[in-house]
Every structure is written in structure tokens, then in C-alpha cells.
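> Sharing target-v4.csv below, CSV, C-alpha atoms:
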chain,number,residue,atom,x,y,z
S,1,MET,CA,244.6,146.5,66.6
S,2,MET,CA,242.6,144.2,68.8
S,3,LEU,CA,241.3,144.7,72.3
S,4,PRO,CA,243.4,142.7,74.7
S,5,GLY,CA,241.7,139.5,75.6
S,6,LEU,CA,239.3,139.7,72.6
S,7,SER,CA,240.8,137.2,70.2
S,8,LEU,CA,239.5,136.4,66.8
S,9,ALA,CA,238.5,132.9,68.1
S,10,LEU,CA,236.4,134.6,70.8
S,11,LEU,CA,234.8,136.8,68.1
S,12,ASP,CA,234.1,133.7,66.0
S,13,ALA,CA,232.4,132.1,68.9
S,14,ILE,CA,229.6,134.7,68.6
S,15,GLU,CA,226.9,133.1,66.4
S,16,GLU,CA,225.5,136.3,65.0
S,17,PRO,CA,227.5,138.7,62.7
S,18,ALA,CA,229.9,140.6,64.9
S,19,MET,CA,232.7,143.1,64.2
S,20,VAL,CA,235.3,145.1,66.1
S,21,VAL,CA,235.3,148.7,65.0
S,22,VAL,CA,238.0,151.2,66.0
S,23,GLY,CA,237.3,154.8,65.0
S,24,GLU,CA,236.0,154.5,61.4
S,25,ARG,CA,237.7,151.2,60.6
S,26,VAL,CA,236.6,147.5,60.9
S,27,GLU,CA,239.5,145.9,62.7
S,28,ALA,CA,238.1,142.3,62.9
S,29,ALA,CA,235.0,140.4,61.9
S,30,ASN,CA,233.7,136.9,62.5
S,31,SER,CA,232.7,134.5,59.8
S,32,SER,CA,229.0,135.3,60.2
S,33,ALA,CA,229.7,139.0,59.6
S,34,ARG,CA,231.8,138.2,56.5
S,35,ALA,CA,229.1,136.0,55.1
S,36,VAL,CA,226.5,138.7,55.4
S,37,LEU,CA,228.6,141.9,54.6
S,38,GLY,CA,231.4,140.5,52.5
S,39,GLU,CA,234.6,138.6,52.9
S,40,ARG,CA,236.8,141.7,52.6
S,41,ILE,CA,235.2,144.0,55.2
S,42,VAL,CA,238.2,143.8,57.6
S,43,GLY,CA,240.3,146.9,57.2
S,44,ARG,CA,237.6,148.8,55.4
S,45,ASP,CA,235.9,152.0,56.5
S,46,VAL,CA,232.8,151.0,58.4
S,47,ARG,CA,230.8,153.5,56.3
S,48,PHE,CA,231.3,151.3,53.3
S,49,VAL,CA,230.5,148.2,55.2
S,50,LEU,CA,227.3,149.3,56.9
S,51,ARG,CA,225.5,151.6,54.5
S,52,HIS,CA,222.7,152.4,56.8
S,53,PRO,CA,222.4,155.9,58.3
S,54,ASP,CA,220.8,154.7,61.6
S,55,ALA,CA,223.5,152.1,62.1
S,56,LEU,CA,226.4,154.6,61.4
S,57,GLU,CA,224.8,157.2,63.6
S,58,LEU,CA,224.8,154.8,66.5
S,59,ILE,CA,228.4,153.7,65.9
S,60,PHE,CA,229.8,157.2,65.6
S,61,ALA,CA,227.9,158.4,68.7
S,62,GLY,CA,230.2,156.2,70.7
S,63,ARG,CA,227.6,155.7,73.5
S,64,GLY,CA,226.4,152.2,72.6
S,65,GLY,CA,222.9,151.0,72.4
S,66,GLU,CA,220.6,149.3,70.0
S,67,ARG,CA,218.6,150.2,66.8
S,68,GLU,CA,216.0,148.4,64.7
S,69,LEU,CA,217.0,148.3,61.0
S,70,SER,CA,214.4,147.5,58.4
S,71,SER,CA,217.0,146.5,55.9
S,72,LEU,CA,220.8,146.1,55.6
S,73,ASP,CA,223.0,146.6,52.6
S,74,GLY,CA,220.0,147.1,50.4
S,75,ARG,CA,218.3,143.8,51.4
S,76,GLU,CA,214.8,144.0,52.9
S,77,GLN,CA,215.4,142.0,56.0
S,78,PRO,CA,214.8,143.1,59.7
S,79,TRP,CA,217.9,143.4,61.9
S,80,THR,CA,218.8,144.8,65.3
S,81,ILE,CA,222.2,146.4,65.5
S,82,SER,CA,223.8,146.4,69.0
S,83,VAL,CA,226.9,148.5,69.7
S,84,ARG,CA,228.9,148.1,72.9
S,85,PRO,CA,231.7,150.5,73.7
S,86,LEU,CA,234.9,148.9,75.0
S,87,PRO,CA,238.2,150.5,76.4
S,88,LYS,CA,240.6,152.3,74.1
S,89,GLY,CA,237.9,153.5,71.6
S,90,VAL,CA,237.0,150.0,70.6
S,91,GLN,CA,233.4,149.1,69.8
S,92,LEU,CA,231.8,145.6,69.5
S,93,VAL,CA,229.1,145.7,66.8
S,94,ARG,CA,226.7,142.8,66.6
S,95,LEU,CA,223.9,142.3,64.1
S,96,LEU,CA,220.8,140.3,65.2
S,97,ASP,CA,218.6,138.8,62.5
S,98,ARG,CA,215.0,139.4,63.4
S,99,SER,CA,213.4,137.6,60.5
S,100,ALA,CA,212.3,134.6,62.5
S,101,VAL,CA,210.9,136.9,65.3
S,102,ARG,CA,209.0,139.0,62.8
S,103,SER,CA,207.7,136.0,61.0
S,104,THR,CA,206.5,134.5,64.3
S,105,GLU,CA,204.8,137.8,65.2
S,106,ARG,CA,203.2,138.0,61.8
S,107,MET,CA,201.9,134.4,62.2
S,108,ARG,CA,200.5,135.2,65.6
S,109,VAL,CA,198.7,138.3,64.3
S,110,ASP,CA,197.4,136.4,61.3
S,111,PHE,CA,196.2,133.5,63.5
S,112,VAL,CA,194.2,135.9,65.8
S,113,ALA,CA,192.7,137.7,62.8
S,114,ASN,CA,191.8,134.4,61.1
S,115,ALA,CA,190.4,132.8,64.3
S,116,SER,CA,188.3,135.9,65.0
S,117,HIS,CA,187.0,135.9,61.4
S,118,GLU,CA,186.1,132.2,61.5
S,119,LEU,CA,184.2,132.6,64.8
S,120,ARG,CA,182.6,136.0,63.9
S,121,THR,CA,180.9,134.6,60.8
S,122,PRO,CA,178.7,132.0,62.5
S,123,LEU,CA,178.2,134.3,65.5
S,124,THR,CA,176.8,137.0,63.2
S,125,THR,CA,174.4,134.5,61.6
S,126,MET,CA,173.3,133.2,65.0
S,127,ILE,CA,172.7,136.7,66.4
S,128,GLY,CA,170.6,137.8,63.4
S,129,TYR,CA,168.4,134.7,63.4
S,130,SER,CA,168.0,134.6,67.2
S,131,GLU,CA,166.9,138.3,67.2
S,132,THR,CA,164.2,137.4,64.7
S,133,LEU,CA,163.1,134.5,66.8
S,134,ALA,CA,163.1,136.7,70.0
S,135,GLU,CA,160.8,139.3,68.4
S,136,THR,CA,157.2,139.4,69.8
S,137,GLY,CA,154.4,138.3,67.5
S,138,PRO,CA,153.6,135.1,65.6
S,139,ILE,CA,156.2,133.5,63.4
S,140,ASP,CA,155.7,131.0,60.6
S,141,GLU,CA,156.4,127.5,61.8
S,142,ALA,CA,158.5,126.6,58.8
S,143,LEU,CA,160.6,129.7,59.2
S,144,ARG,CA,161.1,129.0,62.9
S,145,ILE,CA,162.4,125.5,62.1
S,146,GLN,CA,164.6,126.9,59.4
S,147,PHE,CA,166.1,129.5,61.7
S,148,GLY,CA,166.5,127.1,64.6
S,149,THR,CA,168.2,124.6,62.3
S,150,THR,CA,170.6,127.2,61.1
S,151,ILE,CA,171.5,128.4,64.6
S,152,HIS,CA,172.1,124.8,65.6
S,153,GLY,CA,174.4,124.2,62.6
S,154,GLU,CA,176.4,127.4,63.1
S,155,ALA,CA,176.8,126.6,66.9
S,156,ARG,CA,178.1,123.2,66.0
S,157,ARG,CA,180.5,124.7,63.5
S,158,MET,CA,181.8,127.1,66.2
S,159,LEU,CA,182.2,124.1,68.6
S,160,ARG,CA,184.3,122.2,66.0
S,161,ILE,CA,186.5,125.2,65.5
S,162,VAL,CA,187.0,125.6,69.3
S,163,GLU,CA,187.6,121.9,69.7
S,164,ASP,CA,190.2,121.9,66.9
S,165,LEU,CA,192.0,124.9,68.4
S,166,MET,CA,192.1,123.2,71.8
S,167,SER,CA,193.4,120.0,70.1
S,168,LEU,CA,196.2,122.0,68.4
S,169,SER,CA,197.1,123.6,71.7
S,170,ARG,CA,197.4,120.1,73.4
S,171,ILE,CA,199.5,118.7,70.5
S,172,GLU,CA,201.9,121.7,70.6
S,173,ALA,CA,202.2,121.3,74.3
S,174,ASP,CA,203.4,117.7,73.8
S,175,ARG,CA,205.5,118.3,70.7
S,176,PHE,CA,208.8,117.7,72.6
S,177,VAL,CA,207.6,114.6,74.3
S,178,PRO,CA,208.1,111.6,72.0
S,179,PRO,CA,205.3,109.0,72.2
S,180,THR,CA,206.4,105.6,73.3
S,181,ASP,CA,203.3,103.3,72.9
S,182,ALA,CA,203.5,100.6,70.3
S,183,VAL,CA,200.7,101.4,67.8
S,184,SER,CA,199.6,99.5,64.6
S,185,LEU,CA,199.2,102.0,61.7
S,186,ASP,CA,197.0,99.6,59.7
S,187,GLU,CA,194.6,99.4,62.7
S,188,ILE,CA,194.5,103.2,62.9
S,189,ALA,CA,193.8,103.4,59.2
S,190,ARG,CA,191.0,100.8,59.4
S,191,ILE,CA,189.2,102.6,62.2
S,192,ALA,CA,189.5,106.0,60.4
S,193,ALA,CA,188.1,104.4,57.2
S,194,GLU,CA,185.1,103.1,59.2
S,195,HIS,CA,184.6,106.6,60.7
S,196,GLY,CA,184.5,108.1,57.3
S,197,GLN,CA,181.9,105.7,55.9
S,198,VAL,CA,178.9,107.7,57.1
S,199,LEU,CA,180.0,110.9,55.4
S,200,ALA,CA,181.1,108.9,52.3
S,201,ARG,CA,177.6,107.4,51.9
S,202,GLN,CA,176.1,110.9,52.2
S,203,ARG,CA,178.5,112.1,49.4
S,204,LYS,CA,177.7,108.9,47.4
S,205,CYS,CA,181.2,107.7,47.1
S,206,ALA,CA,183.1,104.7,48.4
S,207,ILE,CA,186.1,104.3,50.7
S,208,GLU,CA,188.4,101.5,49.6
S,209,VAL,CA,191.0,100.1,52.0
S,210,ASP,CA,194.1,98.2,51.1
S,211,LEU,CA,195.9,97.6,54.4
S,212,TYR,CA,199.0,95.6,55.1
S,213,PRO,CA,200.6,95.3,58.5
S,214,ALA,CA,202.6,98.5,59.0
S,215,GLY,CA,204.0,98.7,62.4
S,216,PRO,CA,204.4,98.8,65.1
S,217,ILE,CA,205.3,102.4,65.4
S,218,ALA,CA,206.0,104.5,68.4
S,219,GLY,CA,202.9,106.6,68.7
S,220,ASP,CA,200.0,108.3,70.6
S,221,PHE,CA,197.0,106.3,69.6
S,222,GLY,CA,194.5,109.1,70.0
S,223,GLN,CA,196.6,111.6,68.1
S,224,LEU,CA,197.3,109.2,65.2
S,225,LEU,CA,193.6,108.3,64.9
S,226,GLN,CA,192.9,112.1,64.8
S,227,LEU,CA,195.5,112.4,62.0
S,228,ALA,CA,194.0,109.6,60.0
S,229,ASP,CA,190.4,110.8,60.6
S,230,ASN,CA,191.3,114.2,59.4
S,231,LEU,CA,192.9,112.9,56.2
S,232,VAL,CA,190.0,110.6,55.4
S,233,GLY,CA,187.5,113.3,56.2
S,234,ASN,CA,189.2,115.8,54.0
S,235,ALA,CA,189.4,113.3,51.2
S,236,VAL,CA,185.7,112.6,51.4
S,237,ARG,CA,184.7,116.2,51.7
S,238,TYR,CA,186.8,117.4,48.7
S,239,GLY,CA,187.4,114.3,46.8
S,240,CYS,CA,183.9,112.8,46.4
S,241,ILE,CA,182.6,114.3,43.2
S,242,GLY,CA,180.2,111.6,42.1
S,243,GLU,CA,179.2,107.9,42.5
S,244,ALA,CA,182.0,106.7,40.3
S,245,THR,CA,184.7,108.2,42.6
S,246,ALA,CA,186.4,106.4,45.5
S,247,ILE,CA,188.7,107.3,48.4
S,248,ARG,CA,191.6,104.9,48.8
S,249,VAL,CA,193.3,104.3,52.1
S,250,THR,CA,196.4,102.2,52.1
S,251,THR,CA,199.2,101.2,54.5
S,252,ARG,CA,202.6,99.6,53.6
S,253,VAL,CA,206.1,99.2,54.9
S,254,GLU,CA,208.5,101.0,52.5
S,255,ASN,CA,212.2,101.5,53.2
S,256,ARG,CA,211.8,100.4,56.8
S,257,ARG,CA,209.1,103.0,57.4
S,258,ALA,CA,205.4,102.6,58.0
S,259,VAL,CA,203.5,104.6,55.3
S,260,LEU,CA,199.9,105.7,55.3
S,261,ARG,CA,198.4,107.0,52.0
S,262,VAL,CA,195.0,108.6,51.5
S,263,ILE,CA,194.1,109.2,47.9
S,264,ASP,CA,191.1,110.9,46.3
S,265,GLU,CA,189.9,111.5,42.8
S,266,GLY,CA,188.7,115.1,43.3
S,267,ASP,CA,189.4,118.4,41.7
S,268,GLY,CA,192.9,118.6,43.0
S,269,ILE,CA,194.8,121.6,44.3
S,270,LEU,CA,196.8,124.1,42.3
S,271,LEU,CA,200.5,123.8,42.8
S,272,GLU,CA,200.7,127.4,44.2
S,273,HIS,CA,198.5,126.4,47.1
S,274,LEU,CA,200.3,123.2,48.2
S,275,PRO,CA,203.0,124.9,50.4
S,276,ARG,CA,200.4,126.6,52.4
S,277,VAL,CA,197.6,124.1,52.9
S,278,THR,CA,198.9,123.0,56.3
S,279,GLU,CA,198.7,126.6,57.6
S,280,ARG,CA,196.0,127.3,60.2
S,281,PHE,CA,192.8,128.5,58.5
S,282,TYR,CA,194.3,128.5,55.1
S,283,ARG,CA,191.6,127.6,52.6
S,284,VAL,CA,192.1,126.9,48.9
S,285,ASP,CA,188.4,127.6,48.4
S,286,ALA,CA,186.9,129.3,51.5
S,287,ALA,CA,183.3,129.1,50.5
S,288,ARG,CA,183.6,125.4,49.5
S,289,SER,CA,185.5,124.6,52.7
S,290,ARG,CA,182.8,126.1,55.0
S,291,ASP,CA,180.0,124.5,53.0
S,292,SER,CA,181.6,121.1,53.5
S,293,GLY,CA,181.9,121.5,57.2
S,294,GLY,CA,185.7,122.0,57.4
S,295,THR,CA,187.2,124.3,60.1
S,296,GLY,CA,190.4,125.1,58.1
S,297,LEU,CA,192.5,123.5,60.8
S,298,GLY,CA,192.5,119.8,59.8
S,299,LEU,CA,195.8,119.7,57.9
S,300,SER,CA,197.5,121.9,60.4
S,301,ILE,CA,196.6,119.3,63.1
S,302,VAL,CA,197.9,116.6,60.8
S,303,LYS,CA,201.2,118.4,60.3
S,304,HIS,CA,201.8,118.9,64.0
S,305,ILE,CA,200.9,115.3,64.9
S,306,ALA,CA,203.3,114.1,62.2
S,307,GLU,CA,206.1,116.3,63.5
S,308,ARG,CA,205.6,115.0,67.0
S,309,HIS,CA,205.9,111.4,65.7
S,310,ARG,CA,209.0,112.3,63.6
S,311,ALA,CA,207.0,111.5,60.5
S,312,THR,CA,207.3,113.0,57.0
S,313,LEU,CA,204.2,114.6,55.4
S,314,ASP,CA,204.0,114.8,51.7
S,315,ILE,CA,201.0,116.2,49.8
S,316,ARG,CA,200.8,115.6,46.0
S,317,SER,CA,198.0,116.9,43.8
S,318,GLN,CA,197.1,117.4,40.2
S,319,VAL,CA,194.2,119.6,39.1
S,320,GLY,CA,191.5,117.5,37.7
S,321,LYS,CA,193.1,114.2,38.9
S,322,GLY,CA,193.0,114.3,42.7
S,323,THR,CA,195.2,114.5,45.7
S,324,GLU,CA,197.4,112.0,47.5
S,325,VAL,CA,198.6,112.6,51.1
S,326,ILE,CA,201.5,110.4,52.3
S,327,VAL,CA,202.6,110.1,55.9
S,328,SER,CA,205.7,108.1,56.6
S,329,PHE,CA,206.6,107.0,60.2
S,330,PRO,CA,209.8,105.4,61.5
S,331,LEU,CA,209.2,101.8,62.6
S,332,LEU,CA,209.5,101.1,66.3
S,333,GLU,CA,212.2,98.6,65.9
S,334,ASP,CA,214.3,100.8,63.6
S,335,PRO,CA,217.7,101.6,65.3
S,336,ALA,CA,217.2,105.2,64.2
S,337,THR,CA,214.3,105.5,66.6
Could I get this structure in the form of C-alpha cells?


Amino acid sequence: MMLPGLSLALLDAIEEPAMVVVGERVEAANSSARAVLGERIVGRDVRFVLRHPDALELIFAGRGGERELSSLDGREQPWTISVRPLPKGVQLVRLLDRSAVRSTERMRVDFVANASHELRTPLTTMIGYSETLAETGPIDEALRIQFGTTIHGEARRMLRIVEDLMSLSRIEADRFVPPTDAVSLDEIARIAAEHGQVLARQRKCAIEVDLYPAGPIAGDFGQLLQLADNLVGNAVRYGCIGEATAIRVTTRVENRRAVLRVIDEGDGILLEHLPRVTERFYRVDAARSRDSGGTGLGLSIVKHIAERHRATLDIRSQVGKGTEVIVSFPLLEDPAT
């Protein structure tokens, strides 16, 4: 039995899993429903197809509506079941996968919590030191200088975090607007290497450049320089482990793509951390990251800039041997662009 006008082709046009239920029986199901619940669900009792008490209660009530389901068929995955009564005792049952929505909500909650934590830490330090300075009575000059220097450093750290957050917001706002300017990747790499020299000298390591014309690429000059600055800065902060070490910055054209590589000889990153290092505020070593002046947002900014420029980002690392970050851009003259 099928509801007049509701053909199987129409049911298959619904992207999410959908079934037609009459009484206790599944009369029809689209391909998405069969993929989730089983290929042989048509003709079966709905109680054996949907083994969730809340879902069955909603269907047998016959009034329609929606229910949130924490799992389905024993699989821990959030769903929303929607039941719509139709004429002649027919009901259209749809299942909406809420995994992406829940994941987005979880990411938003985690982001707010992480941002609050990152800002609260320097604020707590500043409040404590400033309260001491505000107290009446004499204070040792060396202590005053120490407290003032600490407050200044923590304030600058907060400013860097806020600036990086604002930068991420601007990048995300433009993510669907492809850049059109012709940009030289080797020029970007050269400037970023120059910017990193001051920090490299402080860390007593060298930045070696090996640049070949790699471009032009379609890009936003400011964003690409920010990408390269972040990669070089990260390499210097975490890859300079002595005077014998060096940071290598290279550009090449490989397989009709412009490729930027930033390579360090640092401690490397454990394999388990690599999938998450581009998450906002994710830190492999939180204490070391803060001590080095990092905000925890650099690689997240790199990822978003790469995505806007249709570039691929690859991070390779071996513990004890160092890290290599590879960003590959389509050439401007490539027909694929």
C-alpha cells in the first residue's frame, strides 16, 4: 500500500532516511533508510526496524511530532525522529542525523571555555600584581619593576590572543570569497623568513631559505604572509633547540602546484596529536606553548587561510627528529583554478 501521489521516487528524493509506515508495518523506505536500518526493512514490523521506545511511542500515538533520540539501533549517534500523519492511517517517518549539529555545538562550547581560560590566566596574574602595586606603603624598586614587567607581558599576551581571534573571525567571514590577486609565494616566504630572524637570533638558531619562483598563485597577500609568518614563528619557537639547529624555508613548483615547506629539527610531535594541532587553543604542551609566547591559534589560522586559498595543508612530524609543514597551492594559470 502506498499513499496516492507519494511514489517511491518521491520518497527517494528525500535526502535523510525516510519510511512510510501503515499501522505496524513499514510499507516503503528510501535508500537512505535502508542504508541506516537495513536493506530488508520494507514489509517488516516497525518494532523490529526501530528498536527505540521513544520512537515507537511517537509512531503508535498517531499524532505526529518530533523526538530527540540519543541512539538508534544500538549505535550511539544523535538523531531526531519526525513523524507526520497522512490520510488513510499512513505516516511519514523521517530520521534526521544530528551528529554534525551536536559536533558544532560541542566545538562552540569548547571554544568559549578555552578562550575564557586563555584570557583568565593572564588576567588573574595582572589583577594579583596590580593589587600589590596599588597597596599603600613603600615597595621595593626591584619588585615594582618585576611586577610592572609581568603585567606588561601578560597584557601583551592577552592582546595577541584577541588579535588572533579577530583575525580568525575576518578569515572565516571571507572563506567563501576566493582571492584573485596574483601573488608570488617565494616573495611571501622570503618576507616571513626575514620577520622570523629576530626571534631566531634570540633562540640562537638560523633560518635557512631555499626559494625558487613558485607562482603566481591567486591569493590575499596579507593572509598568505600571516600564514607564512605563523609557520616560521612556530618552527622557531618549538624547533630551535640549540645553536646547531636550523629552520628551513623552501618554495618549489611540484605537480603544477606552488609548494611552501617549513621544516624544523625540534622535538617533534607525537602522532596522536597531529590530527588536532590545527584546532583552536589545542596545545601539545600547554606550559611550553605559553612560555614561548604562543596563543594556541596559529595553526588554526593557517588552516583557515589554506582552505580559503584552496590549498592543502600537510603536517608531518617524528618525535626527536622535527616537524615539516607543507602547504600546496594551485597555480594561477592552472585550468583547474

> Quick one: of S:Glu172, S:Glu265, S:Glu254, S:Asp186, who's nearest to Lys303 of chain S, counting all atoms listed in the file?

S:Glu172

> Could you list, as a list in words, every residue within 10 Å of Leu58 of chain S, counting only C-alpha atoms and ignoring same-chain residues fewer than 6 positions away?

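Once the nearby chain positions are removed, what remains is Gly64, Gly65, Glu66, Arg67, Ile81, Ser82 and Val83 of chain S.
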
> Mind checking which residues fall within 8 Å of segment 180-184 of chain S, counting only C-alpha atoms, ignoring those fewer than 2 positions away in the same chain, and posting them as an mmCIF file with C-alpha atoms, keeping the file's coordinate frame?


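Output saved as part-v3.cif:
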data_model
loop_
_atom_site.group_PDB
_atom_site.id
_atom_site.type_symbol
_atom_site.label_atom_id
_atom_site.label_comp_id
_atom_site.auth_asym_id
_atom_site.auth_seq_id
_atom_site.Cartn_x
_atom_site.Cartn_y
_atom_site.Cartn_z
ATOM 1 C CA PRO S 178 208.100 111.600 72.000
ATOM 2 C CA ASP S 186 197.000 99.600 59.700
ATOM 3 C CA GLU S 187 194.600 99.400 62.700
ATOM 4 C CA ILE S 188 194.500 103.200 62.900
ATOM 5 C CA PRO S 213 200.600 95.300 58.500
ATOM 6 C CA ALA S 214 202.600 98.500 59.000
ATOM 7 C CA GLY S 215 204.000 98.700 62.400
ATOM 8 C CA PRO S 216 204.400 98.800 65.100
ATOM 9 C CA ILE S 217 205.300 102.400 65.400
ATOM 10 C CA ALA S 218 206.000 104.500 68.400
ATOM 11 C CA GLY S 219 202.900 106.600 68.700
ATOM 12 C CA ASP S 220 200.000 108.300 70.600
ATOM 13 C CA PHE S 221 197.000 106.300 69.600
ATOM 14 C CA LEU S 332 209.500 101.100 66.300
#

> Could you check the closest approach to Thr295 of chain S for each of S:Asp314, S:Glu105, S:Asp140, S:Glu163 and tell me which residue wins, using all atoms listed in the file?

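Among the listed residues, the smallest separation from Thr295 of chain S belongs to S:Glu163.
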
> My list of candidates is S:Gly296, S:Gly128, S:Pro17, S:Pro275. Which is closest to Leu313 of chain S when distances are computed with all atoms listed in the file?

S:Pro275

> For Glu131 of chain S, find every residue with an atom within 12 Å (counting only C-alpha atoms), except residues of its own chain fewer than 5 positions away, and show them as a PyMOL selection string.

chain S and resi 124-126+136+144+147-148+151

> Output requested as a JSON list (two decimals), keeping the file's coordinate frame - segment 33-56 of chain S, filled out with N, CA and C atoms.


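Below you can see rebuild-v7.json, which holds the result:
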[["chain", "number", "residue", "atom", "x", "y", "z"],
["S", 33, "ALA", "N", 229.71, 137.64, 60.09],
["S", 33, "ALA", "CA", 229.70, 139.00, 59.60],
["S", 33, "ALA", "C", 230.23, 139.04, 58.14],
["S", 34, "ARG", "N", 231.28, 138.25, 57.88],
["S", 34, "ARG", "CA", 231.80, 138.20, 56.50],
["S", 34, "ARG", "C", 230.86, 137.61, 55.52],
["S", 35, "ALA", "N", 230.09, 136.62, 56.00],
["S", 35, "ALA", "CA", 229.10, 136.00, 55.10],
["S", 35, "ALA", "C", 227.99, 136.94, 54.76],
["S", 36, "VAL", "N", 227.61, 137.82, 55.69],
["S", 36, "VAL", "CA", 226.50, 138.70, 55.40],
["S", 36, "VAL", "C", 226.97, 140.00, 54.72],
["S", 37, "LEU", "N", 228.13, 140.54, 55.13],
["S", 37, "LEU", "CA", 228.60, 141.90, 54.60],
["S", 37, "LEU", "C", 229.67, 141.80, 53.61],
["S", 38, "GLY", "N", 230.28, 140.64, 53.43],
["S", 38, "GLY", "CA", 231.40, 140.50, 52.50],
["S", 38, "GLY", "C", 232.64, 140.01, 53.07],
["S", 39, "GLU", "N", 233.37, 139.20, 52.34],
["S", 39, "GLU", "CA", 234.60, 138.60, 52.90],
["S", 39, "GLU", "C", 235.71, 139.59, 53.13],
["S", 40, "ARG", "N", 235.68, 140.74, 52.47],
["S", 40, "ARG", "CA", 236.80, 141.70, 52.60],
["S", 40, "ARG", "C", 236.47, 142.93, 53.39],
["S", 41, "ILE", "N", 235.64, 142.77, 54.41],
["S", 41, "ILE", "CA", 235.20, 144.00, 55.20],
["S", 41, "ILE", "C", 236.30, 144.37, 56.19],
["S", 42, "VAL", "N", 237.17, 143.44, 56.60],
["S", 42, "VAL", "CA", 238.20, 143.80, 57.60],
["S", 42, "VAL", "C", 239.20, 144.76, 56.96],
["S", 43, "GLY", "N", 239.43, 145.85, 57.67],
["S", 43, "GLY", "CA", 240.30, 146.90, 57.20],
["S", 43, "GLY", "C", 239.64, 148.01, 56.44],
["S", 44, "ARG", "N", 238.36, 147.82, 56.14],
["S", 44, "ARG", "CA", 237.60, 148.80, 55.40],
["S", 44, "ARG", "C", 236.99, 149.86, 56.31],
["S", 45, "ASP", "N", 236.64, 150.99, 55.75],
["S", 45, "ASP", "CA", 235.90, 152.00, 56.50],
["S", 45, "ASP", "C", 234.49, 151.48, 56.74],
["S", 46, "VAL", "N", 234.04, 151.60, 58.00],
["S", 46, "VAL", "CA", 232.80, 151.00, 58.40],
["S", 46, "VAL", "C", 231.61, 151.67, 57.60],
["S", 47, "ARG", "N", 231.81, 152.88, 57.07],
["S", 47, "ARG", "CA", 230.80, 153.50, 56.30],
["S", 47, "ARG", "C", 230.51, 152.83, 54.96],
["S", 48, "PHE", "N", 231.51, 152.09, 54.49],
["S", 48, "PHE", "CA", 231.30, 151.30, 53.30],
["S", 48, "PHE", "C", 230.86, 149.90, 53.53],
["S", 49, "VAL", "N", 230.95, 149.51, 54.79],
["S", 49, "VAL", "CA", 230.50, 148.20, 55.20],
["S", 49, "VAL", "C", 229.05, 148.18, 55.60],
["S", 50, "LEU", "N", 228.69, 149.14, 56.45],
["S", 50, "LEU", "CA", 227.30, 149.30, 56.90],
["S", 50, "LEU", "C", 226.72, 150.55, 56.27],
["S", 51, "ARG", "N", 226.03, 150.42, 55.20],
["S", 51, "ARG", "CA", 225.50, 151.60, 54.50],
["S", 51, "ARG", "C", 224.09, 151.91, 54.95],
["S", 52, "HIS", "N", 223.96, 152.07, 56.24],
["S", 52, "HIS", "CA", 222.70, 152.40, 56.80],
["S", 52, "HIS", "C", 222.85, 153.58, 57.76],
["S", 53, "PRO", "N", 222.16, 154.70, 57.52],
["S", 53, "PRO", "CA", 222.40, 155.90, 58.30],
["S", 53, "PRO", "C", 222.16, 155.71, 59.81],
["S", 54, "ASP", "N", 221.13, 154.96, 60.18],
["S", 54, "ASP", "CA", 220.80, 154.70, 61.60],
["S", 54, "ASP", "C", 221.94, 153.93, 62.26],
["S", 55, "ALA", "N", 222.46, 152.92, 61.55],
["S", 55, "ALA", "CA", 223.50, 152.10, 62.10],
["S", 55, "ALA", "C", 224.80, 152.93, 62.28],
["S", 56, "LEU", "N", 225.15, 153.73, 61.30],
["S", 56, "LEU", "CA", 226.40, 154.60, 61.40],
["S", 56, "LEU", "C", 226.23, 155.62, 62.44]]
